[in-house]
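Peer 1: So that you have it, the file is start-v2.cif, and it contains mmCIF, C-alpha atoms:
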data_start
loop_
_atom_site.label_atom_id
_atom_site.label_comp_id
_atom_site.auth_asym_id
_atom_site.auth_seq_id
_atom_site.Cartn_x
_atom_site.Cartn_y
_atom_site.Cartn_z
CA MET A 695 138.09 122.35 121.70
CA ASP A 696 139.39 119.07 123.10
CA ASN A 697 137.21 116.52 124.89
CA LYS A 698 138.72 117.29 128.28
CA ARG A 699 137.65 120.94 128.06
CA ILE A 700 134.19 119.97 126.77
CA ASN A 701 133.78 117.56 129.70
CA THR A 702 134.72 120.34 132.15
CA ILE A 703 132.09 122.66 130.64
CA ALA A 704 129.46 119.90 130.75
CA LYS A 705 130.08 119.37 134.46
CA GLU A 706 130.05 123.12 135.14
CA PHE A 707 126.61 123.59 133.55
CA ASN A 708 125.27 120.17 134.64
CA ILE A 709 124.54 118.94 131.10
CA SER A 710 125.68 115.91 129.13
CA GLN A 711 128.92 115.98 127.15
CA PRO A 712 127.16 115.55 123.74
CA ALA A 713 124.85 118.47 124.61
CA ALA A 714 127.82 120.67 125.60
CA LYS A 715 129.58 119.77 122.35
CA LYS A 716 126.47 120.62 120.37
CA TYR A 717 126.09 124.05 121.99
CA ILE A 718 129.79 124.89 121.54
CA ASN A 719 129.67 124.07 117.83
CA MET A 720 126.47 126.02 117.11
CA THR A 721 126.61 128.69 114.40
CA GLU A 722 125.62 132.32 114.95
CA ASP A 723 122.30 131.77 113.16
CA GLU A 724 121.49 128.74 115.33
CA ILE A 725 122.22 130.74 118.48
CA GLN A 726 119.92 133.57 117.38
CA SER A 727 117.16 131.10 116.52
CA LEU A 728 117.06 130.04 120.19
CA ASP A 729 115.50 133.41 121.04
CA GLN A 730 112.44 132.52 118.95
CA PRO A 731 110.12 130.12 120.80
CA ARG A 732 108.93 127.15 118.79
CA ASN A 733 105.21 126.71 118.32
CA TYR A 734 104.75 123.09 119.24
CA LYS A 735 101.33 121.65 118.48
CA LYS A 736 99.49 120.95 121.72
CA ARG A 737 98.50 117.32 121.99
CA LYS A 738 94.89 116.72 122.98
CA THR A 739 94.47 114.58 126.06
CA ILE A 740 91.46 113.05 127.78
CA MET A 741 91.81 115.62 130.58
CA ASP A 742 91.31 118.63 128.27
CA ASP A 743 87.53 118.35 128.60
CA TYR A 744 87.74 118.64 132.40
CA LEU A 745 90.40 121.35 132.79
CA ASN A 746 87.98 124.28 133.12
CA ILE A 747 85.72 122.34 135.50
CA ILE A 748 88.58 121.49 137.86
CA TYR A 749 89.97 125.03 137.75
CA LYS A 750 86.55 126.61 138.45
CA MET A 751 85.78 124.22 141.32
CA MET A 752 89.16 124.95 142.91
CA GLN A 753 88.55 128.67 142.55
CA ASP A 754 85.21 128.20 144.34
CA GLY A 755 86.95 126.42 147.22
CA ILE A 756 85.58 122.93 146.51
CA SER A 757 87.65 120.18 148.13
CA ASP A 758 89.81 117.88 146.02
CA ASP A 759 87.77 114.83 147.04
CA ILE A 760 84.54 116.29 145.68
CA ILE A 761 86.31 117.39 142.48
CA TYR A 762 87.72 113.87 142.08
CA TYR A 763 84.33 112.17 142.30
CA TYR A 764 82.52 114.88 140.33
CA ILE A 765 84.88 114.46 137.35
CA GLN A 766 84.12 110.73 137.38
CA HIS A 767 80.40 111.56 137.51
CA LYS A 768 80.87 113.75 134.41
CA GLY A 769 82.13 110.78 132.42
CA TYR A 770 85.82 110.32 133.17
CA ILE A 771 86.65 106.58 132.80
CA ASP A 772 90.43 106.63 132.39
CA ASN A 773 93.14 105.87 134.95
CA LEU A 774 92.12 107.23 138.37
CA ASN A 775 95.70 107.77 139.52
CA SER A 776 96.20 110.03 136.50
CA LEU A 777 93.13 112.02 137.55
CA ARG A 778 94.48 112.48 141.08
CA LYS A 779 97.86 113.58 139.70
CA TYR A 780 96.18 116.01 137.29
CA ILE A 781 94.16 117.60 140.11
CA TYR A 782 97.34 117.92 142.17
CA LEU A 783 99.28 119.59 139.32
CA ILE A 784 96.51 122.11 138.59
CA GLU A 785 96.44 122.96 142.28
CA LYS A 786 100.22 123.27 142.52
CA ASN A 787 100.61 125.43 139.40
CA ASN A 788 97.60 127.71 139.81
CA PHE A 789 96.74 127.76 143.53
CA PRO A 790 100.03 127.67 145.47
CA ASN A 791 98.36 128.91 148.67
CA ARG A 792 95.55 126.36 148.53
CA LYS A 793 95.83 123.69 151.20
CA ALA A 794 95.78 120.18 149.80
CA ASN A 795 92.76 118.32 151.13
CA PHE A 796 92.77 115.11 149.21
CA TYR A 797 92.18 111.85 151.04
CA TYR A 798 92.73 108.43 149.61
CA PRO A 799 89.61 107.64 147.56
CA ILE A 800 87.14 105.15 148.95
CA LYS A 801 86.86 101.94 147.02
CA THR A 802 83.57 101.57 145.15
CA VAL A 803 81.49 98.75 146.59
CA TYR A 804 78.28 97.55 144.95
CA PRO A 805 75.34 95.98 146.80
CA GLU A 806 75.26 92.18 146.86
CA ASP A 807 72.23 92.04 144.53
CA ILE A 808 74.05 94.06 141.81
CA ILE A 809 75.87 92.10 139.09
CA VAL A 810 78.83 94.03 137.65
CA ILE A 811 80.02 93.09 134.15
CA LYS A 812 83.08 94.99 132.99
CA ARG A 813 83.57 95.95 129.37
CA ASN A 814 86.89 94.11 128.95
CA ASN A 815 85.33 90.88 130.26
CA LEU A 816 82.39 91.29 127.90
CA LEU A 817 84.75 91.79 124.94
CA LYS A 818 86.72 88.73 125.98
CA TYR A 819 83.49 86.71 126.05
CA LEU A 820 82.43 87.94 122.59
CA LEU A 821 85.82 87.61 120.87
CA THR A 822 87.04 84.28 122.25
CA MET A 823 86.93 81.72 119.44
CA ASN A 824 88.82 78.83 121.03
CA PRO A 825 86.21 76.26 122.18
CA LYS A 826 88.63 74.89 124.79
CA ILE A 827 88.56 78.18 126.72
CA GLU A 828 85.71 78.31 129.21
CA LYS A 829 83.65 81.49 128.90
CA ASP A 830 82.36 83.62 131.74
CA LYS A 831 79.23 81.93 133.14
CA ILE A 832 77.74 85.13 134.57
CA ILE A 833 78.00 86.91 131.23
CA HIS A 834 76.57 83.84 129.49
CA GLU A 835 73.50 83.97 131.73
CA HIS A 836 72.86 87.66 131.02
CA ILE A 837 74.11 88.02 127.44
CA GLU A 838 70.61 88.28 125.95
CA ILE A 839 69.69 91.09 128.35
CA ILE A 840 72.93 92.88 127.46
CA LYS A 841 72.25 92.52 123.73
CA GLU A 842 68.74 93.89 124.16
CA LYS A 843 70.00 96.88 126.13
CA TYR A 844 73.07 97.50 123.95
CA PRO A 845 72.53 96.50 120.28
CA VAL A 846 76.16 97.38 119.52
CA VAL A 847 77.20 94.16 121.29
CA ASP A 848 75.60 92.06 118.56
CA LYS A 849 77.23 94.21 115.89
CA VAL A 850 80.69 93.82 117.42
CA LYS A 851 80.25 90.05 117.55
CA GLU A 852 78.99 89.92 113.96
CA ILE A 853 81.88 92.00 112.57
CA PHE A 854 84.55 90.10 114.49
CA HIS A 855 83.22 86.65 113.61
CA SER A 856 82.88 87.66 109.97
CA PHE A 857 86.48 88.86 109.79
CA HIS A 858 87.77 85.86 111.75
CA SER A 859 86.05 83.35 109.44
CA ILE A 860 87.54 85.08 106.37
CA LEU A 861 91.03 85.22 107.87
CA MET A 862 90.91 81.55 108.87
CA GLY A 863 89.35 80.53 105.55
CA ASP A 864 90.94 79.91 102.16
CA ASP A 865 89.17 82.43 99.90
CA PRO A 866 91.12 85.73 99.83
CA ASN A 867 88.47 87.44 97.67
CA LYS A 868 86.02 87.45 100.59
CA ILE A 869 88.11 90.16 102.24
CA ASP A 870 86.99 92.52 99.45
CA GLU A 871 83.36 91.76 100.35
CA PHE A 872 84.12 92.46 104.00
CA ILE A 873 85.62 95.86 103.15
CA GLU A 874 82.68 96.72 100.92
CA ASN A 875 80.17 95.82 103.64
CA TYR A 876 81.84 97.72 106.46
CA GLN A 877 83.85 100.54 104.87
CA GLU A 878 81.15 103.07 105.78
CA SER A 879 80.56 101.76 109.30
CA GLU A 880 82.18 102.39 112.67
CA ILE A 881 85.27 100.40 111.57
CA GLU A 882 85.94 102.58 108.54
CA SER A 883 89.54 103.30 109.63
CA PHE A 884 90.15 99.55 110.11
CA CYS A 885 88.95 98.88 106.55
CA GLU A 886 91.20 101.65 105.22
CA GLY A 887 94.14 100.03 107.00
CA ILE A 888 93.36 96.68 105.34
CA LYS A 889 93.20 98.37 101.93
CA LYS A 890 96.74 99.72 102.38
CA ASP A 891 98.08 96.21 103.10
CA ILE A 892 95.59 94.22 101.07
CA THR A 893 98.24 92.03 99.39
CA PRO A 894 99.82 90.72 102.64
CA VAL A 895 96.34 90.16 104.08
CA LYS A 896 95.27 88.11 101.05
CA ASN A 897 98.53 86.16 101.16
CA ALA A 898 97.91 85.34 104.82
CA ILE A 899 94.55 83.86 103.81
CA SER A 900 95.85 82.01 100.72
CA TYR A 901 99.02 80.41 102.08
CA ASP A 902 99.57 78.06 104.98
CA GLU A 903 103.00 79.58 105.72
CA SER A 904 103.16 81.91 108.71
CA SER A 905 105.69 84.42 109.95
CA GLY A 906 104.84 83.48 113.53
CA PHE A 907 108.11 81.57 114.06
CA VAL A 908 110.21 84.53 112.88
CA GLU A 909 108.16 87.05 114.89
CA GLY A 910 108.45 84.89 118.00
CA ASN A 911 112.25 84.80 117.70
CA ASN A 912 112.33 88.55 117.06
CA ASN A 913 110.41 89.12 120.31
CA LYS A 914 112.88 86.93 122.17
CA PHE A 915 115.83 88.85 120.71
CA LYS A 916 114.28 92.19 121.69
CA LEU A 917 113.58 90.97 125.22
CA ILE A 918 117.20 89.88 125.64
CA LYS A 919 118.40 93.22 124.26
CA ARG A 920 116.25 95.17 126.73
CA ILE A 921 117.53 93.09 129.65
CA LEU A 922 121.17 93.68 128.72
CA TYR A 923 120.89 97.19 127.27
CA GLY A 924 123.50 99.72 128.33
CA ARG A 925 125.53 97.60 130.75
CA ALA A 926 126.47 94.22 129.31
CA LYS A 927 128.09 95.32 126.01
CA LEU A 928 127.88 93.53 122.66
CA VAL A 929 130.05 90.56 123.67
CA ASN A 930 127.70 89.54 126.48
CA LEU A 931 124.67 90.24 124.27
CA GLU A 932 126.03 87.80 121.69
CA MET A 933 126.65 85.14 124.32
CA LYS A 934 123.20 85.59 125.82
CA CYS A 935 121.55 85.23 122.40
CA LYS A 936 123.55 82.09 121.62
CA LEU A 937 122.66 80.65 125.01
CA ALA A 938 118.95 81.34 124.33
CA PHE A 939 118.85 79.76 120.87
CA LEU A 940 121.70 77.26 120.49
CA PHE A 941 121.39 75.18 123.65
CA ARG A 942 119.00 72.76 121.93
CA LEU A 943 121.58 71.73 119.34
CA PRO A 944 123.01 68.25 119.99
CA ASP A 945 126.63 69.45 119.75
CA PHE A 946 126.12 72.56 121.91
CA ASN A 947 128.70 73.06 124.64
CA ILE A 948 128.38 75.91 127.12
CA LEU A 949 132.16 76.00 127.53
CA ASP A 950 132.34 77.43 124.01
CA LEU A 951 130.78 80.64 125.30
CA ILE A 952 133.39 81.18 128.00
#
Can the structure in the file be given as structure tokens, please?

Peer 2:
Amino acid sequence: MDNKRINTIAKEFNISQPAAKKYINMTEDEIQSLDQPRNYKKRKTIMDDYLNIIYKMMQDGISDDIIYYYIQHKGYIDNLNSLRKYIYLIEKNNFPNRKANFYYPIKTVYPEDIIVIKRNNLLKYLLTMNPKIEKDKIIHEHIEIIKEKYPVVDKVKEIFHSFHSILMGDDPNKIDEFIENYQESEIESFCEGIKKDITPVKNAISYDESSGFVEGNNNKFKLIKRILYGRAKLVNLEMKCKLAFLFRLPDFNILDLI
């Protein structure tokens, strides 16, 4: 079948031309296999633990607002917009006659005498090694109280500083000691990952050479490719790359790219 006929069929069934070509060229066995549904493995999501709760509360006539805040009370800490969307989809797919009664959630406001320290800020405080970067003063004032309340904070700091000192040092054999000390701890999977790439890790410790320059240029290439993808063609991609990397050369002339 010629391309013109395939294009006509694709438009008729509102599918892409490659898809139409694929379906036309299918064998008899491939066509029959379409009748058998594939058993795709269901991916576990953070919302799986709250599905039954949301469904039961909707069945009992509880408003969406109360469901929204109750799920947070039960331990949900992920993206709140995703939670709202999930509640909406359960309602749409299972309770078509239920009237939506969700109002924009009220922003959480803490009393003035309450000090809020977020986990990401605490991690930034613990893992920042550059002395030129000023650390959070509020966290610094309360770090001892935090450590007393949450002993894991001290452990995170100890593990990170230990690994950082080895990586920035010049003795590659110390990485073996690190793996031996922590391979049965909470970072077991991290240690297993190091074992798989132990030679590159030891080389990074032993040698002063770094692949940072190459990786930086790779990132720049990929960024340019994403900007131009699908509309500027290879000729313009080549010119854009040359313009990004060659303009510093003393004999560079932009007229050469025209």

Peer 1: Got a sec to resolve the PyMOL selection byres ((chain A and resi 872-888) around 12) on this structure and send the residues as a list in words?

Peer 2: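 The output of the PyMOL selection byres ((chain A and resi 872-888) around 12) on this file is Val846, Lys849, Val850, Glu852, Ile853, Phe854, His855, Ser856, Phe857, His858, Ser859, Ile860, Leu861, Asp865, Pro866, Asn867, Lys868, Ile869, Asp870, Glu871, Lys889, Lys890, Asp891, Ile892, Thr893, Pro894, Val895 and Lys896 of chain A.
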
Peer 1: CA of Tyr804 in chain A and CA of Gln766 in chain A, how far apart in Å?

Peer 2: 16.3 Å

Peer 1: Please evaluate the PyMOL selection byres ((chain A and resi 698-703) around 12) against the displayed coordinates and give the resulting residues as a CSV table (one decimal) with C-alpha atoms, in the coordinates of the input.

Peer 2:
chain,number,residue,atom,x,y,z
A,695,MET,CA,138.1,122.4,121.7
A,696,ASP,CA,139.4,119.1,123.1
A,697,ASN,CA,137.2,116.5,124.9
A,704,ALA,CA,129.5,119.9,130.8
A,705,LYS,CA,130.1,119.4,134.5
A,706,GLU,CA,130.0,123.1,135.1
A,707,PHE,CA,126.6,123.6,133.6
A,708,ASN,CA,125.3,120.2,134.6
A,709,ILE,CA,124.5,118.9,131.1
A,710,SER,CA,125.7,115.9,129.1
A,711,GLN,CA,128.9,116.0,127.2
A,712,PRO,CA,127.2,115.6,123.7
A,713,ALA,CA,124.8,118.5,124.6
A,714,ALA,CA,127.8,120.7,125.6
A,715,LYS,CA,129.6,119.8,122.4
A,716,LYS,CA,126.5,120.6,120.4
A,717,TYR,CA,126.1,124.0,122.0
A,718,ILE,CA,129.8,124.9,121.5
A,719,ASN,CA,129.7,124.1,117.8

Peer 1: Just checking: using all atoms listed in the file, which residue out of A:Met752, A:Leu943, A:Ile839, A:Met720 ends up closest to Lys786 in chain A?

Peer 2: A:Met752

Peer 1: Go ahead and compute the interatomic distance for CA of Arg737 in chain A and CA of Lys750 in chain A, in Å to one decimal.

Peer 2: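 Distance reported for this atom pair: 22.4 Å.
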
Peer 1: Evaluate the PyMOL selection byres ((chain A and resi 814-831) around 9) on the structure here and hand back the selected residues as a PyMOL selection string.

Peer 2: chain A and resi 811-813+832-837+847-848+850-851+854-855+858

Peer 1: For Ile760 in chain A, which residue among A:Ile781, A:Leu931, A:Leu745, A:Leu937 is the nearest when counting only C-alpha atoms?

Peer 2: A:Ile781

Peer 1: Go through A:Gly755, A:Asn911, A:Asn746, A:Asp902 one by one, measure the shortest atom-to-atom distance of each to Asn791 in chain A using only C-alpha atoms, and give the residue with the smallest value.

Peer 2: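 Among the listed residues, A:Gly755 lies closest to Asn791 in chain A.
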
Peer 1: If you count only C-alpha atoms, which residues fall within 12 Å of range 912-921 of chain A, apart from same-chain ones fewer than 2 positions away, as a list in words?

Peer 2: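 Once the adjacent positions are removed, what remains is Ser905, Gly906, Phe907, Val908, Glu909, Gly910, Tyr923, Gly924, Arg925, Ala926, Lys927, Leu928, Val929, Asn930, Leu931, Glu932, Met933, Lys934, Cys935, Lys936, Leu937, Ala938 and Phe939 of chain A.
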
Peer 1: For range 878-892 of chain A in the structure I just supplied, write out N, CA, C and O atoms - as a PDB file, in the first residue's frame.

Peer 2:
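The file below, decode.pdb, is the result:
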ATOM      1  N   GLU A 878      25.592  -2.515  56.461  1.00  0.00           N
ATOM      2  CA  GLU A 878      24.418  -3.099  57.108  1.00  0.00           C
ATOM      3  C   GLU A 878      23.587  -2.025  57.826  1.00  0.00           C
ATOM      4  O   GLU A 878      22.847  -2.322  58.751  1.00  0.00           O
ATOM      5  N   SER A 879      23.704  -0.801  57.364  1.00  0.00           N
ATOM      6  CA  SER A 879      22.962   0.306  57.969  1.00  0.00           C
ATOM      7  C   SER A 879      21.845   0.747  57.035  1.00  0.00           C
ATOM      8  O   SER A 879      21.489   0.053  56.082  1.00  0.00           O
ATOM      9  N   GLU A 880      21.289   1.928  57.311  1.00  0.00           N
ATOM     10  CA  GLU A 880      20.202   2.463  56.496  1.00  0.00           C
ATOM     11  C   GLU A 880      20.637   2.794  55.072  1.00  0.00           C
ATOM     12  O   GLU A 880      19.796   2.920  54.179  1.00  0.00           O
ATOM     13  N   ILE A 881      21.948   2.945  54.825  1.00  0.00           N
ATOM     14  CA  ILE A 881      22.435   3.270  53.482  1.00  0.00           C
ATOM     15  C   ILE A 881      23.029   2.034  52.804  1.00  0.00           C
ATOM     16  O   ILE A 881      23.975   2.136  52.014  1.00  0.00           O
ATOM     17  N   GLU A 882      22.441   0.888  53.092  1.00  0.00           N
ATOM     18  CA  GLU A 882      22.930  -0.361  52.510  1.00  0.00           C
ATOM     19  C   GLU A 882      22.903  -0.320  50.978  1.00  0.00           C
ATOM     20  O   GLU A 882      23.852  -0.726  50.314  1.00  0.00           O
ATOM     21  N   SER A 883      21.802   0.185  50.401  1.00  0.00           N
ATOM     22  CA  SER A 883      21.691   0.233  48.939  1.00  0.00           C
ATOM     23  C   SER A 883      22.743   1.170  48.339  1.00  0.00           C
ATOM     24  O   SER A 883      23.266   0.919  47.244  1.00  0.00           O
ATOM     25  N   PHE A 884      23.061   2.266  49.059  1.00  0.00           N
ATOM     26  CA  PHE A 884      24.102   3.190  48.593  1.00  0.00           C
ATOM     27  C   PHE A 884      25.458   2.496  48.552  1.00  0.00           C
ATOM     28  O   PHE A 884      26.214   2.630  47.589  1.00  0.00           O
ATOM     29  N   CYS A 885      25.751   1.705  49.588  1.00  0.00           N
ATOM     30  CA  CYS A 885      27.018   0.963  49.636  1.00  0.00           C
ATOM     31  C   CYS A 885      27.086  -0.079  48.524  1.00  0.00           C
ATOM     32  O   CYS A 885      28.150  -0.290  47.924  1.00  0.00           O
ATOM     33  N   GLU A 886      25.963  -0.721  48.232  1.00  0.00           N
ATOM     34  CA  GLU A 886      25.933  -1.708  47.154  1.00  0.00           C
ATOM     35  C   GLU A 886      26.189  -1.026  45.806  1.00  0.00           C
ATOM     36  O   GLU A 886      26.859  -1.590  44.933  1.00  0.00           O
ATOM     37  N   GLY A 887      25.669   0.176  45.650  1.00  0.00           N
ATOM     38  CA  GLY A 887      25.922   0.928  44.421  1.00  0.00           C
ATOM     39  C   GLY A 887      27.393   1.287  44.262  1.00  0.00           C
ATOM     40  O   GLY A 887      27.937   1.231  43.153  1.00  0.00           O
ATOM     41  N   ILE A 888      28.055   1.641  45.368  1.00  0.00           N
ATOM     42  CA  ILE A 888      29.489   1.947  45.316  1.00  0.00           C
ATOM     43  C   ILE A 888      30.285   0.705  44.947  1.00  0.00           C
ATOM     44  O   ILE A 888      31.246   0.767  44.174  1.00  0.00           O
ATOM     45  N   LYS A 889      29.882  -0.446  45.491  1.00  0.00           N
ATOM     46  CA  LYS A 889      30.588  -1.698  45.188  1.00  0.00           C
ATOM     47  C   LYS A 889      30.580  -1.992  43.689  1.00  0.00           C
ATOM     48  O   LYS A 889      31.576  -2.464  43.124  1.00  0.00           O
ATOM     49  N   LYS A 890      29.447  -1.714  43.031  1.00  0.00           N
ATOM     50  CA  LYS A 890      29.333  -2.006  41.603  1.00  0.00           C
ATOM     51  C   LYS A 890      30.266  -1.129  40.776  1.00  0.00           C
ATOM     52  O   LYS A 890      30.715  -1.526  39.704  1.00  0.00           O
ATOM     53  N   ASP A 891      30.540   0.097  41.253  1.00  0.00           N
ATOM     54  CA  ASP A 891      31.408   1.027  40.527  1.00  0.00           C
ATOM     55  C   ASP A 891      32.622   1.395  41.366  1.00  0.00           C
ATOM     56  O   ASP A 891      33.055   2.546  41.371  1.00  0.00           O
ATOM     57  N   ILE A 892      33.157   0.410  42.070  1.00  0.00           N
ATOM     58  CA  ILE A 892      34.230   0.703  43.023  1.00  0.00           C
ATOM     59  C   ILE A 892      35.481   1.239  42.338  1.00  0.00           C
ATOM     60  O   ILE A 892      36.166   2.125  42.866  1.00  0.00           O
TER      61      ILE A 892
END
